[in-house]
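The block underneath contains the structure these notes are about, expressed in structure tokens.
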Amino acid sequence: MKVIELESSVTASNDRDAKRLRGRLRREGILLVNVMSSPGAGKTTLLSRLVRDLSRRGLRLGVMEADIASEVDAERMEAAGAKAIQAHTGGMCHMDAGMTARALDALDARGLDIIFLENVGNLICPAEYDTGATLDLMILSVPEGDDKPLKYPLIFSRAGVLVISKTDALPYFSFDTDLCTARARRLNPDLRVFPLSARTGEGMDALEEYLLKALRRWRGEDSGSMAEGKEKKAAEESLRRGEVSPHA
Ligand SMILES: Nc1nc2c(ncn2[C@@H]2O[C@H](COP(=O)(O)OP(=O)(O)OP(=O)(O)O)[C@@H](O)[C@H]2O)c(=O)[nH]1
Ligand SMILES: [Mg+2]
């Protein structure tokens, strides 16, 4: 297992680094998905399932695991069939764009279609840094509670996609999916919400279809999308802001 040690770069240049990285990803036709959540919300479990399902559909997948220590998550991703790398963040609680670009170099992203960055488990710091990813996806698990959009508004405002995970546990918790969605959409009206269980597979199809569509749109292959009007606009806005328009 390849392990790299990363140090945070100067934050003042982060936005510039992020923009440069998105430009590179566009040229290479790679969709980079930044996956954020609190520790244990189910990032690695969801990614293992996505890697298995999407590779069956012919996609070439990569995963960059960012953690303060250990290689366990990257090993799980390799076992699932992804090209994987473990990045250690030198104690930092987030990934920035410079760190992400260095991790991509170490992964050797050539020929990959979708790369997932599993960010450090935390609902606060990762939300403050643009990693240069094409799409920001956050996970909130049912056991964490439906009040989290009220307590951690920044991450819910910045994400393009919210996965409500561990829906198989709904019978055991008082989690109101509609209320949680409404709270998150008050902060972020265009947020895409996917309730699912990576354990049972329920709800996975919708997320996988969305990712395939996002990849086509990022590559400018989604020619029919012009007819979709409002739908297309919402989907494009759910891809990270800035230079994401495939027609630019
Ligand atoms: N019931 C249920 N448990 C799940 C589901 N997804 C993950 N889990 C469990 O939640 C725990 C944490 O899952 P991980 O996938 O390791 O979570 P993570 O977000 O990657 O954790 P960190 O990398 O440590 O932040 C494990 O015990 C999983 O088995 C799910 O859909 N349903
Ligand atoms: Mg993990």
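Ordered as shown in the structure tokens, chains take letters A, B, and onward, while each chain numbers its residues from 1 and ligands are numbered from 1 in the order shown.
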
Let me see if you get this right: every residue at most 12 Å from ligand 2, counting only C-alpha atoms and all ligand atoms, written as a PDB file with C-alpha atoms, in the first residue's frame.
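Full text of pocket15.pdb as output:
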```pdb
ATOM      1  CA  VAL A  35     -16.396  12.943   0.411  1.00  0.00           C
ATOM      2  CA  MET A  36     -16.887  14.552   3.817  1.00  0.00           C
ATOM      3  CA  SER A  37     -18.613  13.455   7.017  1.00  0.00           C
ATOM      4  CA  SER A  38     -18.058  13.057  10.733  1.00  0.00           C
ATOM      5  CA  PRO A  39     -15.979  10.021  11.838  1.00  0.00           C
ATOM      6  CA  GLY A  40     -17.857   6.781  11.340  1.00  0.00           C
ATOM      7  CA  ALA A  41     -20.771   8.142   9.251  1.00  0.00           C
ATOM      8  CA  GLY A  42     -19.979   5.473   6.661  1.00  0.00           C
ATOM      9  CA  LYS A  43     -17.629   7.045   4.099  1.00  0.00           C
ATOM     10  CA  THR A  44     -15.460   3.961   3.536  1.00  0.00           C
ATOM     11  CA  THR A  45     -18.432   1.588   3.558  1.00  0.00           C
ATOM     12  CA  LEU A  46     -20.254   3.696   0.961  1.00  0.00           C
ATOM     13  CA  LEU A  47     -17.141   4.037  -1.188  1.00  0.00           C
ATOM     14  CA  SER A  48     -16.461   0.281  -1.106  1.00  0.00           C
ATOM     15  CA  VAL A  63      -9.722   6.452  -4.087  1.00  0.00           C
ATOM     16  CA  MET A  64      -7.496   8.739  -2.060  1.00  0.00           C
ATOM     17  CA  GLU A  65      -7.876   8.107   1.643  1.00  0.00           C
ATOM     18  CA  ALA A  66      -6.923  10.994   3.914  1.00  0.00           C
ATOM     19  CA  ASP A  67      -6.420  10.257   7.577  1.00  0.00           C
ATOM     20  CA  ILE A  68      -4.276  11.438  10.435  1.00  0.00           C
ATOM     21  CA  ALA A  69      -2.938   7.890  10.866  1.00  0.00           C
ATOM     22  CA  SER A  70      -3.368   4.267   9.687  1.00  0.00           C
ATOM     23  CA  GLU A  71      -3.825   2.585   6.307  1.00  0.00           C
ATOM     24  CA  VAL A  72      -6.980   0.629   7.092  1.00  0.00           C
ATOM     25  CA  ASP A  73      -9.327   2.565   4.814  1.00  0.00           C
ATOM     26  CA  ALA A  74      -7.020   2.437   1.763  1.00  0.00           C
ATOM     27  CA  GLU A  75      -6.630  -1.316   2.259  1.00  0.00           C
ATOM     28  CA  ARG A  76     -10.432  -1.684   2.279  1.00  0.00           C
ATOM     29  CA  MET A  77     -10.653   0.290  -0.972  1.00  0.00           C
ATOM     30  CA  GLN A  86      -3.367   6.495   1.698  1.00  0.00           C
ATOM     31  CA  PHE A 116     -13.062   9.737  -4.613  1.00  0.00           C
ATOM     32  CA  LEU A 117     -11.224  11.686  -1.955  1.00  0.00           C
ATOM     33  CA  GLU A 118     -12.212  10.412   1.492  1.00  0.00           C
ATOM     34  CA  ASN A 119     -11.549  13.525   3.531  1.00  0.00           C
ATOM     35  CA  VAL A 120     -10.649  13.450   7.232  1.00  0.00           C
ATOM     36  CA  GLY A 121     -13.705  12.585   9.367  1.00  0.00           C
ATOM     37  CA  ASN A 122     -14.920  15.940  10.645  1.00  0.00           C
ATOM     38  CA  ILE A 139     -22.679  12.119   4.376  1.00  0.00           C
TER      39      ILE A 139
END
```

> Which of chain A counts as strand (DSSP E) under DSSP, as an MDAnalysis selection string please?
Replying inline: chainID A and resid 3:5 31:36 61:67 83:88 114:118 135:141 161:165 192:195

> Could you pull out all residues of segment 118-198 of chain A with a DSSP call of alpha helix (DSSP H) and give them as a list in words?
Replying inline: Lys148, Pro149, Leu150, Lys151, Pro153, Leu154, Ile155, Phe156, Ser157, Arg158, Thr177, Asp178, Leu179, Cys180, Thr181, Ala182, Arg183, Ala184, Arg185, Arg186 and Leu187 of chain A

>> Which residues are close to Glu209 of chain A, i.e. within 12 Å by only C-alpha atoms, leaving aside same-chain residues fewer than 4 positions away? Reply as a list of chain:residue names.
In response: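 Near neighbours after the sequence-gap exclusion: A:Leu50, A:Asp53, A:Leu54, A:Arg57, A:Phe194, A:Gly203, A:Met204, A:Asp205, A:Lys213, A:Ala214, A:Leu215, A:Arg216.
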
For the residues in that selection, give me N, CA and C atoms as a PDB file, in the first residue's frame.
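Writing done, so here's result_5.pdb:
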```pdb
ATOM      1  N   LEU A  50     -19.717   1.678  -3.779  1.00  0.00           N
ATOM      2  CA  LEU A  50     -19.709   2.417  -5.053  1.00  0.00           C
ATOM      3  C   LEU A  50     -18.635   1.861  -5.985  1.00  0.00           C
ATOM      4  N   ASP A  53     -19.843  -1.473  -7.383  1.00  0.00           N
ATOM      5  CA  ASP A  53     -20.967  -1.334  -8.324  1.00  0.00           C
ATOM      6  C   ASP A  53     -20.535  -0.614  -9.599  1.00  0.00           C
ATOM      7  N   LEU A  54     -19.780   0.473  -9.457  1.00  0.00           N
ATOM      8  CA  LEU A  54     -19.425   1.271 -10.640  1.00  0.00           C
ATOM      9  C   LEU A  54     -18.371   0.559 -11.478  1.00  0.00           C
ATOM     10  N   ARG A  57     -19.925  -1.555 -13.897  1.00  0.00           N
ATOM     11  CA  ARG A  57     -20.493  -0.811 -15.033  1.00  0.00           C
ATOM     12  C   ARG A  57     -19.398  -0.278 -15.947  1.00  0.00           C
ATOM     13  N   PHE A 194     -29.733  12.118  -1.157  1.00  0.00           N
ATOM     14  CA  PHE A 194     -29.865  10.688  -1.458  1.00  0.00           C
ATOM     15  C   PHE A 194     -29.895   9.898  -0.149  1.00  0.00           C
ATOM     16  N   GLY A 203     -31.366   2.394  -2.150  1.00  0.00           N
ATOM     17  CA  GLY A 203     -31.081   3.795  -2.492  1.00  0.00           C
ATOM     18  C   GLY A 203     -29.767   4.013  -3.222  1.00  0.00           C
ATOM     19  N   MET A 204     -28.959   2.954  -3.380  1.00  0.00           N
ATOM     20  CA  MET A 204     -27.644   3.127  -4.022  1.00  0.00           C
ATOM     21  C   MET A 204     -27.777   3.484  -5.507  1.00  0.00           C
ATOM     22  N   ASP A 205     -28.784   2.896  -6.163  1.00  0.00           N
ATOM     23  CA  ASP A 205     -28.935   3.094  -7.619  1.00  0.00           C
ATOM     24  C   ASP A 205     -29.033   4.566  -7.981  1.00  0.00           C
ATOM     25  N   LYS A 213     -24.102  10.563 -14.404  1.00  0.00           N
ATOM     26  CA  LYS A 213     -24.575  11.763 -15.107  1.00  0.00           C
ATOM     27  C   LYS A 213     -23.603  12.925 -14.868  1.00  0.00           C
ATOM     28  N   ALA A 214     -23.140  13.051 -13.642  1.00  0.00           N
ATOM     29  CA  ALA A 214     -22.198  14.131 -13.316  1.00  0.00           C
ATOM     30  C   ALA A 214     -20.897  13.967 -14.106  1.00  0.00           C
ATOM     31  N   LEU A 215     -20.457  12.716 -14.282  1.00  0.00           N
ATOM     32  CA  LEU A 215     -19.233  12.457 -15.058  1.00  0.00           C
ATOM     33  C   LEU A 215     -19.440  12.884 -16.513  1.00  0.00           C
ATOM     34  N   ARG A 216     -20.583  12.497 -17.072  1.00  0.00           N
ATOM     35  CA  ARG A 216     -20.847  12.863 -18.480  1.00  0.00           C
ATOM     36  C   ARG A 216     -20.923  14.378 -18.623  1.00  0.00           C
TER      37      ARG A 216
END
```

> What does the distance from atom CA of Asn188 of chain A to atom 7 (C, counted along the ligand's line) of ligand 1 come to in Å, to one decimal?
Replying inline: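 If I compute the distance from atom CA of Asn188 of chain A to atom 7 (C, counted along the ligand's line) of ligand 1, I get 25.4 Å.
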
>> What's the separation between atom CA of Leu150 of chain A and atom CA of Ala133 of chain A, in Å to one decimal place?
In response: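 A separation of 25.0 Å between them.
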
> Which polymer residues have any atom within 9 Å of an atom of Phe175 of chain A, counting only C-alpha atoms, with same-chain residues fewer than 5 positions away left out, as a list in words?
Replying inline: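 Skipping anything fewer than 5 positions along the chain leaves Val142, Pro143, Glu144, Gly145, Asp146, Asp147, Leu170 and Cys180 of chain A.
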
Export of prior selection with N, CA and C atoms as a CSV table (one decimal), in the first residue's frame:
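Contents of selection_9.csv, freshly written:
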```csv
chain,number,residue,atom,x,y,z
A,142,VAL,N,-27.9,8.4,9.9
A,142,VAL,CA,-29.1,8.5,10.7
A,142,VAL,C,-28.8,8.6,12.2
A,143,PRO,N,-27.9,7.8,12.8
A,143,PRO,CA,-27.6,7.9,14.2
A,143,PRO,C,-27.1,9.3,14.7
A,144,GLU,N,-26.6,10.1,13.8
A,144,GLU,CA,-26.1,11.4,14.2
A,144,GLU,C,-27.2,12.4,14.5
A,145,GLY,N,-28.4,12.2,13.9
A,145,GLY,CA,-29.5,13.1,14.2
A,145,GLY,C,-29.8,14.1,13.1
A,146,ASP,N,-31.1,14.4,13.0
A,146,ASP,CA,-31.6,15.3,11.9
A,146,ASP,C,-31.4,16.8,12.2
A,147,ASP,N,-30.8,17.1,13.4
A,147,ASP,CA,-30.6,18.5,13.7
A,147,ASP,C,-29.2,19.0,13.2
A,170,LEU,N,-33.1,3.4,10.5
A,170,LEU,CA,-34.2,4.4,10.8
A,170,LEU,C,-35.2,3.9,11.9
A,180,CYS,N,-34.9,16.8,8.1
A,180,CYS,CA,-33.5,17.0,7.9
A,180,CYS,C,-33.2,17.6,6.5
```
